[in-house]
Amino acid sequence: MVAIKAPSSIDHANPLTKSPKAAAAAAAAIPTVDLSSPGAARAVADACRGVGFFRATNHGIPSSLAAALEARAMAFFALPHEDKVDATIAAAARRPFGYGSRSIGSNGDVGWLEYLLLSLGSNSNSSSIPGASSLPPSLRAALEEYTGAVRNASGKVLELMAEGLGMQERCALRRMVDGSEEELVRVNHYPPTKEEDCVAGMTGFGEHTDPQIISLLRSNRTAGLQIKLQGPDAPWVNVAPDPDSLFVNVGDCLQVLTNGRFRSVKHRVVAPEGAQASRLSVIYFGGPAPAQRIAPLPELMREGEQSLYRDFTWGEYKAAAYKTRLGDNRLGPYELRNVADTNPTALITASKEPTAADHCCSNSSSSSAACVVVQPPHVAQVH
Ligand SMILES: O=C(O)CCC(=O)C(=O)O
Ligand SMILES: [Fe+2]
């Protein structure tokens with residue numbers, strides 16, 4: 001990776017790295033949900049309404065799969081630059097997939113990272129990743145095993161979300177993602193920074209929200225991820241790394257589908273400082289099919305409640321987001337009312353209590369016939 005000195009990527013607004021007291025308060029602000037507990041649905045919904053982000057334990061991904069992927073990915077990123085480019089030639093045939101270094105998207109965003117970005121394809125029954133054919137076989141196998149497991153974990157979380165929202169159909173959110181052809185995996189590698197490279201607080205990955213429905217992140221033990229609590233003046237808080245847990249983000253589409261009940265979370269990564277080890281993170285993004293209409297789910301709307309957004313399809317949103325910078329307010333052009341101005345208490349009251357919802361997706365790693373969605377052609381990717 002080429003060393004950079006980029007003043008524009010220096011971020012001094014990181015008070016929590018300086019104050020242990022604030023760091024402790026921040027850690028307490030991030031909810032933890034045991035996905036296997038009886039109260040998980042309610043806890044997931046509370047976390048999504050509050051922070052839009054939570055730490056999930058008992059997520060069902062064997063630690064051996066995550067550790068194997070971490071080791072293979074580290075070995076891959078240690079290869080010479082040309083080898084990494086050559087090994088991702090199959091994926092790179094469909095931009096923006098493949099290997100990337102420093103550039104994030106095509107609109108000038110840069111970060112202190114290199115990454116591998118792959119589409120998981122349309123067949124959630126198959127573990128094979130279409131663009132992975134030219135990767136080292138051991139990395140490909142580790143990715144396929146891990147992504148199979150993380151897809152299941154995502155499905156489980158989406159079911160808990162639907163249940164926590166009081167929806168009749170437990171699989172209503174899950175089926176928007178299963179087999180959508182819009183599931184991605186991204187492996188980010190943030191090398192340690194040396195004094196000559198930068199000053200403390202250099203941006204690893206700039207501030208943004210994830211545009212899809214859901215993202216599930218697993219990292220090694222190196223810190224760097226920060227989330228912004230909800231509200232215009234809310235602070236940024238450090239997310240203590242925990243390789244045994246998954247971190248779940250509410251994405252922009254889920255905010256719209258719930259008419260602002262669930263909040264998409266702003267997050268960013270500060271590059272590892274000094275002599276620390278690299279940060280390695282693996283993020284699964286669950287997006288809907290391009291033709292999927294993104295609008296508040298009628299079932300969630302209270303009588304007389306108005307949509308906060310103008311309708312769009314995921315294909316439209318993705319194409320629009322692809323033209324913007326990472327930190328732009330991508331939902332802004334679709335807002336009919338300011339979400340921050342809405343009375344959150346009213347929206348919370350409007351959510352129904354968790355019910356004994358229909359279990360059409362339970363214990364299923366793939367979409368059932370009832371969960372199949374139309375798959376129109378591929379359009380430009382956001383991540
Ligand atoms: O690498 C990380 O820890 C987070 C990166 C991220 O937010 C993303 O890839 O969307
Ligand atoms: Fe992200």
# chains A, B, ... in the order shown; residues from 1 in each chain; ligands from 1
call {"tool": "residues_near_ligand", "arguments": {"ligand": "ligand 1", "cutoff": "6 Å", "atoms": "only C-alpha atoms and all ligand atoms", "output": "list in words"}}
result
Asn188, Asp210, Leu225, Arg268, Val269 and Ser281 of chain A
call {"tool": "residues_near_ligand", "arguments": {"ligand": "ligand 2", "cutoff": "9 Å", "atoms": "only C-alpha atoms and all ligand atoms", "output": "ChimeraX atom specification"}}
result
/A:205-211,215,217,249,251,265-269,283,285,383
call {"tool": "residues_around", "arguments": {"residues": "Ser127 of chain A", "least_positions_apart": "4", "cutoff": "9 Å", "atoms": "only C-alpha atoms", "output": "list in words"}}
result
Leu120, Asn123, Glu144, Glu145, Thr147 and Gly148 of chain A
call {"tool": "write_last_selection", "arguments": {"atoms": "C-alpha atoms", "output": "short mmCIF file (atom, residue, chain, number, x, y, z; two decimals), in the first residue's frame"}}
result
data_model
loop_
_atom_site.label_atom_id
_atom_site.label_comp_id
_atom_site.auth_asym_id
_atom_site.auth_seq_id
_atom_site.Cartn_x
_atom_site.Cartn_y
_atom_site.Cartn_z
CA LEU A 120 -22.22 -12.95 -2.84
CA ASN A 123 -28.09 -18.05 -4.83
CA GLU A 144 -17.37 -19.06 1.48
CA GLU A 145 -17.67 -20.75 4.85
CA THR A 147 -20.32 -15.81 4.43
CA GLY A 148 -22.61 -18.85 4.62
#
call {"tool": "select_by_dssp", "arguments": {"residues": "segment 165-316 of chain A", "states": "alpha helix (DSSP H)", "output": "PyMOL selection string"}}
result
chain A and resi 174-177+252-257+314-316
call {"tool": "select_by_dssp", "arguments": {"residues": "segment 202-355 of chain A", "states": "strand (DSSP E)", "output": "PDB file with C-alpha atoms, in the first residue's frame"}}
result
ATOM      1  CA  THR A 203      -9.229   8.592   8.772  1.00  0.00           C
ATOM      2  CA  GLY A 204      -9.260   4.885   8.054  1.00  0.00           C
ATOM      3  CA  PHE A 205     -12.772   4.896   6.589  1.00  0.00           C
ATOM      4  CA  GLY A 206     -14.702   8.164   6.519  1.00  0.00           C
ATOM      5  CA  GLU A 207     -17.981   8.920   8.210  1.00  0.00           C
ATOM      6  CA  HIS A 208     -21.020   7.387   6.517  1.00  0.00           C
ATOM      7  CA  ILE A 214     -28.468  -4.376   7.529  1.00  0.00           C
ATOM      8  CA  SER A 215     -24.708  -4.759   8.026  1.00  0.00           C
ATOM      9  CA  LEU A 216     -22.933  -7.248  10.285  1.00  0.00           C
ATOM     10  CA  LEU A 217     -19.311  -6.519  11.187  1.00  0.00           C
ATOM     11  CA  ARG A 218     -16.691  -8.699  12.783  1.00  0.00           C
ATOM     12  CA  SER A 219     -13.181  -7.383  13.475  1.00  0.00           C
ATOM     13  CA  LEU A 225     -14.459   1.793  14.719  1.00  0.00           C
ATOM     14  CA  GLN A 226     -16.520   4.685  16.051  1.00  0.00           C
ATOM     15  CA  ILE A 227     -20.256   5.302  15.881  1.00  0.00           C
ATOM     16  CA  LYS A 228     -22.166   8.538  16.283  1.00  0.00           C
ATOM     17  CA  TRP A 236     -18.882   9.931  18.531  1.00  0.00           C
ATOM     18  CA  VAL A 237     -18.057   6.893  20.644  1.00  0.00           C
ATOM     19  CA  ASN A 238     -15.403   4.239  20.307  1.00  0.00           C
ATOM     20  CA  LEU A 246     -20.872  -9.327  15.676  1.00  0.00           C
ATOM     21  CA  PHE A 247     -21.704  -5.637  15.450  1.00  0.00           C
ATOM     22  CA  VAL A 248     -25.027  -4.932  13.768  1.00  0.00           C
ATOM     23  CA  ASN A 249     -25.759  -1.664  11.908  1.00  0.00           C
ATOM     24  CA  VAL A 250     -29.169  -0.441  10.853  1.00  0.00           C
ATOM     25  CA  HIS A 267     -19.929   5.345  11.697  1.00  0.00           C
ATOM     26  CA  ARG A 268     -16.280   5.694  10.691  1.00  0.00           C
ATOM     27  CA  VAL A 269     -12.900   4.119  11.328  1.00  0.00           C
ATOM     28  CA  VAL A 270      -9.833   5.865  12.715  1.00  0.00           C
ATOM     29  CA  ARG A 279      -7.143  -3.738  11.984  1.00  0.00           C
ATOM     30  CA  LEU A 280      -8.931  -6.373   9.957  1.00  0.00           C
ATOM     31  CA  SER A 281     -12.693  -6.222   9.640  1.00  0.00           C
ATOM     32  CA  VAL A 282     -15.174  -8.271   7.654  1.00  0.00           C
ATOM     33  CA  ILE A 283     -18.522  -6.700   6.903  1.00  0.00           C
ATOM     34  CA  TYR A 284     -21.563  -8.402   5.423  1.00  0.00           C
ATOM     35  CA  PHE A 285     -24.079  -6.035   3.791  1.00  0.00           C
ATOM     36  CA  GLY A 286     -27.648  -7.230   3.219  1.00  0.00           C
ATOM     37  CA  ARG A 293     -39.795  -0.603  -3.364  1.00  0.00           C
ATOM     38  CA  ILE A 294     -38.401   1.078  -0.277  1.00  0.00           C
ATOM     39  CA  PHE A 312     -37.807   4.846  -4.160  1.00  0.00           C
ATOM     40  CA  THR A 313     -36.444   1.509  -5.263  1.00  0.00           C
TER      41      THR A 313
END
call {"tool": "closest_residue", "arguments": {"among": "A:Pro80, A:Pro192, A:Pro241, A:Pro137", "to": "Trp112 of chain A", "atoms": "only C-alpha atoms"}}
result
A:Pro192
call {"tool": "closest_residue", "arguments": {"among": "A:Asp311, A:Glu299, A:Glu335, A:Asp83", "to": "Leu135 of chain A", "atoms": "only C-alpha atoms"}}
result
A:Asp83
call {"tool": "atom_distance", "arguments": {"atom1": "atom CA of Ser133 of chain A", "atom2": "atom CA of Ser180 of chain A"}}
result
21.0 Å
call {"tool": "residues_around", "arguments": {"residues": "Asp244 of chain A", "least_positions_apart": "5", "cutoff": "9 Å", "atoms": "only C-alpha atoms", "output": "ChimeraX atom specification"}}
result
/A:57-58,63,66,218-220
call {"tool": "write_last_selection", "arguments": {"atoms": "C-alpha atoms", "output": "PDB file, in the first residue's frame"}}
result
ATOM      1  CA  THR A  57     -23.453 -12.343  21.137  1.00  0.00           C
ATOM      2  CA  ASN A  58     -24.467 -15.967  20.601  1.00  0.00           C
ATOM      3  CA  SER A  63     -15.206 -18.728  16.089  1.00  0.00           C
ATOM      4  CA  ALA A  66     -13.976 -16.184  11.730  1.00  0.00           C
ATOM      5  CA  ARG A 218     -16.691  -8.699  12.783  1.00  0.00           C
ATOM      6  CA  SER A 219     -13.181  -7.383  13.475  1.00  0.00           C
ATOM      7  CA  ASN A 220      -9.963  -8.521  15.028  1.00  0.00           C
TER       8      ASN A 220
END
call {"tool": "closest_residue", "arguments": {"among": "A:Ser128, A:Ser264, A:Thr258, A:Gln276", "to": "Tyr190 of chain A", "atoms": "only C-alpha atoms"}}
result
A:Gln276
call {"tool": "residues_around", "arguments": {"residues": "Val44 of chain A", "least_positions_apart": "2", "cutoff": "10 Å", "atoms": "only C-alpha atoms", "output": "ChimeraX atom specification"}}
result
/A:31-35,39-42,46-50,52-56,157-158,160-165,248
call {"tool": "write_last_selection", "arguments": {"atoms": "N, CA and C atoms", "output": "short mmCIF file (atom, residue, chain, number, x, y, z; two decimals), in the first residue's frame"}}
result
data_model
loop_
_atom_site.label_atom_id
_atom_site.label_comp_id
_atom_site.auth_asym_id
_atom_site.auth_seq_id
_atom_site.Cartn_x
_atom_site.Cartn_y
_atom_site.Cartn_z
N PRO A 31 -25.51 -1.01 23.12
CA PRO A 31 -26.19 -2.16 23.71
C PRO A 31 -25.58 -3.48 23.25
N THR A 32 -25.68 -4.47 24.13
CA THR A 32 -25.31 -5.84 23.79
C THR A 32 -26.57 -6.69 23.82
N VAL A 33 -26.76 -7.50 22.80
CA VAL A 33 -27.94 -8.38 22.77
C VAL A 33 -27.48 -9.82 22.60
N ASP A 34 -27.91 -10.65 23.53
CA ASP A 34 -27.68 -12.10 23.41
C ASP A 34 -28.79 -12.63 22.49
N LEU A 35 -28.40 -13.00 21.26
CA LEU A 35 -29.42 -13.38 20.27
C LEU A 35 -30.15 -14.65 20.65
N GLY A 39 -35.58 -12.69 25.48
CA GLY A 39 -35.98 -11.29 25.25
C GLY A 39 -35.27 -10.65 24.08
N ALA A 40 -34.65 -11.48 23.21
CA ALA A 40 -33.79 -10.92 22.15
C ALA A 40 -34.54 -9.99 21.20
N ALA A 41 -35.78 -10.37 20.82
CA ALA A 41 -36.51 -9.55 19.82
C ALA A 41 -36.73 -8.14 20.34
N ARG A 42 -37.16 -8.05 21.57
CA ARG A 42 -37.40 -6.73 22.15
C ARG A 42 -36.10 -5.94 22.28
N ASP A 46 -35.20 -2.41 20.57
CA ASP A 46 -34.84 -1.25 21.40
C ASP A 46 -33.51 -0.65 20.93
N ALA A 47 -32.55 -1.52 20.65
CA ALA A 47 -31.23 -1.04 20.22
C ALA A 47 -31.33 -0.33 18.87
N CYS A 48 -32.17 -0.85 17.98
CA CYS A 48 -32.30 -0.25 16.64
C CYS A 48 -33.03 1.08 16.70
N ARG A 49 -33.94 1.21 17.66
CA ARG A 49 -34.64 2.49 17.83
C ARG A 49 -33.74 3.52 18.49
N GLY A 50 -32.89 3.05 19.35
CA GLY A 50 -32.06 3.98 20.13
C GLY A 50 -30.81 4.38 19.38
N GLY A 52 -29.26 2.44 16.83
CA GLY A 52 -29.16 1.94 15.44
C GLY A 52 -27.98 1.01 15.28
N PHE A 53 -27.51 0.48 16.38
CA PHE A 53 -26.25 -0.31 16.37
C PHE A 53 -26.23 -1.12 17.66
N PHE A 54 -25.78 -2.37 17.57
CA PHE A 54 -25.60 -3.14 18.80
C PHE A 54 -24.58 -4.24 18.60
N ARG A 55 -24.11 -4.72 19.74
CA ARG A 55 -23.16 -5.85 19.75
C ARG A 55 -24.00 -7.11 19.96
N ALA A 56 -23.82 -8.08 19.08
CA ALA A 56 -24.61 -9.32 19.18
C ALA A 56 -23.72 -10.46 19.63
N VAL A 157 -31.15 -12.17 12.73
CA VAL A 157 -31.33 -10.82 13.29
C VAL A 157 -32.52 -10.13 12.62
N LEU A 158 -32.67 -10.31 11.31
CA LEU A 158 -33.80 -9.68 10.61
C LEU A 158 -35.14 -10.24 11.11
N LEU A 160 -35.61 -11.33 14.18
CA LEU A 160 -35.79 -10.73 15.51
C LEU A 160 -36.26 -9.28 15.40
N MET A 161 -35.73 -8.58 14.40
CA MET A 161 -36.17 -7.19 14.19
C MET A 161 -37.67 -7.14 13.89
N ALA A 162 -38.09 -8.03 12.96
CA ALA A 162 -39.52 -8.04 12.58
C ALA A 162 -40.38 -8.38 13.80
N GLU A 163 -39.92 -9.34 14.55
CA GLU A 163 -40.67 -9.72 15.76
C GLU A 163 -40.71 -8.56 16.75
N GLY A 164 -39.57 -7.92 16.93
CA GLY A 164 -39.49 -6.80 17.87
C GLY A 164 -40.34 -5.62 17.44
N LEU A 165 -40.58 -5.50 16.14
CA LEU A 165 -41.44 -4.43 15.63
C LEU A 165 -42.91 -4.82 15.73
N VAL A 248 -23.93 -5.06 14.74
CA VAL A 248 -25.03 -4.93 13.77
C VAL A 248 -25.36 -3.46 13.56
#
call {"tool": "residues_around", "arguments": {"residues": "Leu65 of chain A", "least_positions_apart": "3", "cutoff": "9 Å", "atoms": "only C-alpha atoms", "output": "ChimeraX atom specification"}}
result
/A:61-62,68-70,142-143,145-146,149
call {"tool": "write_last_selection", "arguments": {"atoms": "C-alpha atoms", "output": "compact mmCIF listing (two decimals), in the first residue's frame"}}
result
# COMPACT_ATOMS: atom_id res chain seq x y z
CA ILE A 61 -20.94 -18.17 13.74
CA PRO A 62 -18.30 -20.63 14.92
CA ALA A 68 -9.67 -18.91 9.65
CA LEU A 69 -10.93 -16.04 7.50
CA GLU A 70 -8.90 -13.55 9.51
CA ALA A 142 -12.63 -19.40 4.24
CA LEU A 143 -14.74 -16.63 2.71
CA GLU A 145 -17.67 -20.75 4.85
CA TYR A 146 -17.82 -17.49 6.75
CA ALA A 149 -22.63 -18.50 8.40
call {"tool": "atom_distance", "arguments": {"atom1": "atom CA of Lys156 of chain A", "atom2": "atom CA of Ala172 of chain A"}}
result
11.9 Å
call {"tool": "residues_around", "arguments": {"residues": "Glu114 of chain A", "least_positions_apart": "4", "cutoff": "8 Å", "atoms": "only C-alpha atoms", "output": "list in words"}}
result
Met1, Phe77, Tyr99, Gly100, Ser101, Arg102, Asn188, His189 and Tyr190 of chain A
call {"tool": "decode", "arguments": {"residues": "segment 174-254 of chain A", "atoms": "C-alpha atoms", "output": "mmCIF file, in the first residue's frame"}}
result
data_model
loop_
_atom_site.group_PDB
_atom_site.id
_atom_site.type_symbol
_atom_site.label_atom_id
_atom_site.label_comp_id
_atom_site.auth_asym_id
_atom_site.auth_seq_id
_atom_site.Cartn_x
_atom_site.Cartn_y
_atom_site.Cartn_z
ATOM 1 C CA ARG A 174 -35.450 -11.369 5.882
ATOM 2 C CA ARG A 175 -37.066 -12.233 2.588
ATOM 3 C CA MET A 176 -36.135 -8.817 1.182
ATOM 4 C CA VAL A 177 -32.479 -9.799 1.511
ATOM 5 C CA ASP A 178 -32.402 -13.568 0.929
ATOM 6 C CA GLY A 179 -31.520 -14.223 -2.697
ATOM 7 C CA SER A 180 -31.677 -10.528 -3.574
ATOM 8 C CA GLU A 181 -28.380 -10.552 -5.475
ATOM 9 C CA GLU A 182 -27.477 -7.562 -3.302
ATOM 10 C CA GLU A 183 -25.558 -9.250 -0.507
ATOM 11 C CA LEU A 184 -21.942 -8.130 -0.335
ATOM 12 C CA VAL A 185 -18.914 -8.933 1.741
ATOM 13 C CA ARG A 186 -16.106 -6.493 2.334
ATOM 14 C CA VAL A 187 -12.807 -7.307 4.021
ATOM 15 C CA ASN A 188 -11.023 -4.155 5.183
ATOM 16 C CA HIS A 189 -7.362 -4.072 6.195
ATOM 17 C CA TYR A 190 -6.042 -0.986 7.986
ATOM 18 C CA PRO A 191 -2.249 -1.211 8.317
ATOM 19 C CA PRO A 192 -0.672 0.337 11.396
ATOM 20 C CA THR A 193 0.387 3.929 10.797
ATOM 21 C CA LYS A 194 3.942 5.092 11.337
ATOM 22 C CA GLU A 195 4.919 8.534 12.469
ATOM 23 C CA GLU A 196 6.109 9.513 9.021
ATOM 24 C CA ASP A 197 2.786 8.469 7.518
ATOM 25 C CA CYS A 198 0.401 10.590 9.507
ATOM 26 C CA VAL A 199 -0.713 12.140 12.733
ATOM 27 C CA ALA A 200 -3.000 10.471 15.239
ATOM 28 C CA GLY A 201 -6.613 10.272 14.173
ATOM 29 C CA MET A 202 -6.075 9.842 10.436
ATOM 30 C CA THR A 203 -9.229 8.592 8.772
ATOM 31 C CA GLY A 204 -9.260 4.885 8.054
ATOM 32 C CA PHE A 205 -12.772 4.896 6.589
ATOM 33 C CA GLY A 206 -14.702 8.164 6.519
ATOM 34 C CA GLU A 207 -17.981 8.920 8.210
ATOM 35 C CA HIS A 208 -21.020 7.387 6.517
ATOM 36 C CA THR A 209 -24.160 5.349 6.979
ATOM 37 C CA ASP A 210 -24.517 1.994 5.268
ATOM 38 C CA PRO A 211 -27.167 2.329 2.558
ATOM 39 C CA GLN A 212 -28.511 -1.238 2.635
ATOM 40 C CA ILE A 213 -30.939 -2.827 5.121
ATOM 41 C CA ILE A 214 -28.468 -4.376 7.529
ATOM 42 C CA SER A 215 -24.708 -4.759 8.026
ATOM 43 C CA LEU A 216 -22.933 -7.248 10.285
ATOM 44 C CA LEU A 217 -19.311 -6.519 11.187
ATOM 45 C CA ARG A 218 -16.691 -8.699 12.783
ATOM 46 C CA SER A 219 -13.181 -7.383 13.475
ATOM 47 C CA ASN A 220 -9.963 -8.521 15.028
ATOM 48 C CA ARG A 221 -8.749 -7.035 18.312
ATOM 49 C CA THR A 222 -7.532 -3.740 16.845
ATOM 50 C CA ALA A 223 -9.715 -0.741 17.678
ATOM 51 C CA GLY A 224 -10.700 2.044 15.311
ATOM 52 C CA LEU A 225 -14.459 1.793 14.719
ATOM 53 C CA GLN A 226 -16.520 4.685 16.051
ATOM 54 C CA ILE A 227 -20.256 5.302 15.881
ATOM 55 C CA LYS A 228 -22.166 8.538 16.283
ATOM 56 C CA LEU A 229 -24.970 8.401 18.776
ATOM 57 C CA GLN A 230 -28.300 9.695 17.395
ATOM 58 C CA GLY A 231 -29.044 13.409 17.381
ATOM 59 C CA PRO A 232 -27.340 16.401 15.785
ATOM 60 C CA ASP A 233 -25.025 17.151 18.732
ATOM 61 C CA ALA A 234 -24.538 13.573 19.867
ATOM 62 C CA PRO A 235 -20.950 12.430 20.435
ATOM 63 C CA TRP A 236 -18.882 9.931 18.531
ATOM 64 C CA VAL A 237 -18.057 6.893 20.644
ATOM 65 C CA ASN A 238 -15.403 4.239 20.307
ATOM 66 C CA VAL A 239 -16.562 0.686 19.724
ATOM 67 C CA ALA A 240 -14.343 -1.609 21.770
ATOM 68 C CA PRO A 241 -13.253 -4.419 19.456
ATOM 69 C CA ASP A 242 -14.576 -7.857 20.300
ATOM 70 C CA PRO A 243 -13.700 -10.641 17.836
ATOM 71 C CA ASP A 244 -16.231 -12.976 19.467
ATOM 72 C CA SER A 245 -19.166 -10.667 18.760
ATOM 73 C CA LEU A 246 -20.872 -9.327 15.676
ATOM 74 C CA PHE A 247 -21.704 -5.637 15.450
ATOM 75 C CA VAL A 248 -25.027 -4.932 13.768
ATOM 76 C CA ASN A 249 -25.759 -1.664 11.908
ATOM 77 C CA VAL A 250 -29.169 -0.441 10.853
ATOM 78 C CA GLY A 251 -28.851 0.697 7.217
ATOM 79 C CA ASP A 252 -30.643 3.546 5.424
ATOM 80 C CA CYS A 253 -33.247 1.261 3.822
ATOM 81 C CA LEU A 254 -34.289 -0.147 7.177
#
